[in-house]
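So the structure is just underneath, and the comments pick up after that.
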Amino acid sequence: MLYREVPKSGDKLSILGFGAMRLPEKNSGIDHEKATTLIRHAIDNGVNYIDTAWTYHGEESEKFLGDALADGYREKVRIATKMPHWLVSSRQDMDRFLELQLERLRTDNIDYYLIHSLTASGWREIKDKGVLEFVDAAKKDGRIRNAGFSFHDNTEVFKEIVDSYDWDICLIQYNYLDENHQAGTEGLKYAAEKDIGVIVMEPLRGGSLATNIPPEVERIWDEATIKRNPAEWGLRWIWNHPEVTVVLSGMSDISQLDENIRTASEAFPDSLTEDELNTVRRAAKKYKELVTIPCTGCNYCMPCPVGVDIPGCFDLYNSGEIFGHNDSSAKHRYLLYQMGILGERSSASLCVSCGKCVEKCPQQIDIPGKMKEVEAQFERPVVKLKASAMRRILPVFRRVGFLKYR
């Protein structure tokens, strides 16, 4: 196992981190026996960074992890978990949630505490409620050792958040298809220049870059001089960036775990040759050629006067075109972010066909027409009802806050 150092904490973290969002399940819950075996096998083989969150596995993940790290395993790892800021009503709630998370995890302190899933509106709201004062206090009294945030918005917003506090780490979505999406390569380098450790999520887009590979892309991998499976190509590409500290993988079986551990013992920064990098570029290009909407994510069409996240909508629609419109990851992200569950609504159905975006689009895309296709795919009546209900219920959750979890 290779390790990289978090500049501000000095922690040497395994470049492979265990993401506890996709643990093996049994009877609609975590398969505790299998998941515990996986976690401990990972730690026994050098993994020392475990990532979880309040919401994972129906709020079961933190408590499971507290149990799984008994028998001396807690002392061998750094734990990361996250504040569910959308459930926070006040500065006092932040302390209450943290206390419950410490209890669930059966620990006196959390090594890396992140503000979960920030967007522009979520950041403004939680900042106004005093989150930075909370972080200062929790670090001072030792309940958290290091502070960070996870992120789902554009590069401009990412830089704003980075510049707002002396963060220790950040968590971004990054893979060879997302170089210019969300924080992107620009954000990755920006954070690293400020000595912020960068943790990467969705390195294989929820597994889509590792399975059900389109034949056109499969041929590119087969033509490579060095033979690797698609998952290894994807992980090696990310680890090739020296700015990346840890890559999270949601591993659900031992064979997958052992394969990733093997790869993580060889993936030095700047170790891929130009020929290998060109192979990945060809694969990424081919994926992008398979999309229906030729959006490059240049953002020239933004801001939309009625608030549609045009590039974000197109990115999720194109993911469905590539990986199948039953892709649960794309549907889940659209519901949470575009439909306004975590942040301001920015869905395709807001489009009023004003045409201002069309005038600015270098690709000359019929954006209003394509927005109708996006709406038809992601905003079926049952989804709209679900989103409306969730938006109404969220303030209720905030009012009752942490009390229901006692």
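Ligands are numbered from 1 in the order shown, chains are lettered A, B, ... in the order of the structure tokens, and residues start at 1 in each chain.
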
Name the residues in contact with Glu33 in chain A at a cut-off of 10 Å, using only C-alpha atoms, excluding same-chain residues fewer than 5 positions from it; report them as an mmCIF file with N, CA and C atoms, in the first residue's frame.
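Dumped to selection.cif:
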data_model
loop_
_atom_site.group_PDB
_atom_site.id
_atom_site.type_symbol
_atom_site.label_atom_id
_atom_site.label_comp_id
_atom_site.auth_asym_id
_atom_site.auth_seq_id
_atom_site.Cartn_x
_atom_site.Cartn_y
_atom_site.Cartn_z
ATOM 1 N N PRO A 24 -21.884 -4.153 1.526
ATOM 2 C CA PRO A 24 -22.780 -5.270 1.182
ATOM 3 C C PRO A 24 -24.013 -5.268 2.071
ATOM 4 N N GLU A 25 -25.140 -5.646 1.490
ATOM 5 C CA GLU A 25 -26.407 -5.574 2.218
ATOM 6 C C GLU A 25 -27.063 -6.944 2.361
ATOM 7 N N LYS A 26 -27.938 -7.023 3.357
ATOM 8 C CA LYS A 26 -28.699 -8.238 3.622
ATOM 9 C C LYS A 26 -29.990 -7.838 4.320
ATOM 10 N N LEU A 38 -14.893 -7.292 5.423
ATOM 11 C CA LEU A 38 -14.293 -6.435 4.399
ATOM 12 C C LEU A 38 -13.483 -5.301 5.018
ATOM 13 N N ALA A 68 -17.717 -2.174 13.887
ATOM 14 C CA ALA A 68 -16.706 -2.877 13.089
ATOM 15 C C ALA A 68 -15.283 -2.512 13.501
#

Can you pull out the residues contacting Asp111 in chain A? Cut-off 6 Å, using only C-alpha atoms, and skip same-chain residues under 4 positions away; I want them as a PyMOL selection string.
chain A and resi 78-79+144-146

Of the residues A:Glu266, A:Asp178, A:Asp153, A:Asp51, which is the one nearest to Ser346 in chain A, using only C-alpha atoms?
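Among A:Glu266, A:Asp178, A:Asp153, A:Asp51, it is A:Asp153 that comes nearest to Ser346 in chain A.
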
Where in range 109-270 of chain A does DSSP assign strand (DSSP E or B), given as number ranges by chain?
A: 110-118, 144-151, 169-173, 197-201, 244-249

List every residue of range 254-299 of chain A that DSSP, applied to the backbone of this structure, assigns to alpha helix (DSSP H), and report them as a VMD selection string.
chain A and resid 254 to 264 274 to 289

Nearest to Ser319 in chain A among A:Gln338, A:Thr155, A:Ser208, A:Ser14, with distances taken over only C-alpha atoms: which residue is it?
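Answer, going by the shortest atom-to-atom distance: A:Ser208.
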
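Minimum distance to Ser255 in chain A across A:Ala120, A:Ala267, A:Ala42, A:Leu290 (counting only C-alpha atoms) occurs at A:Ala42.
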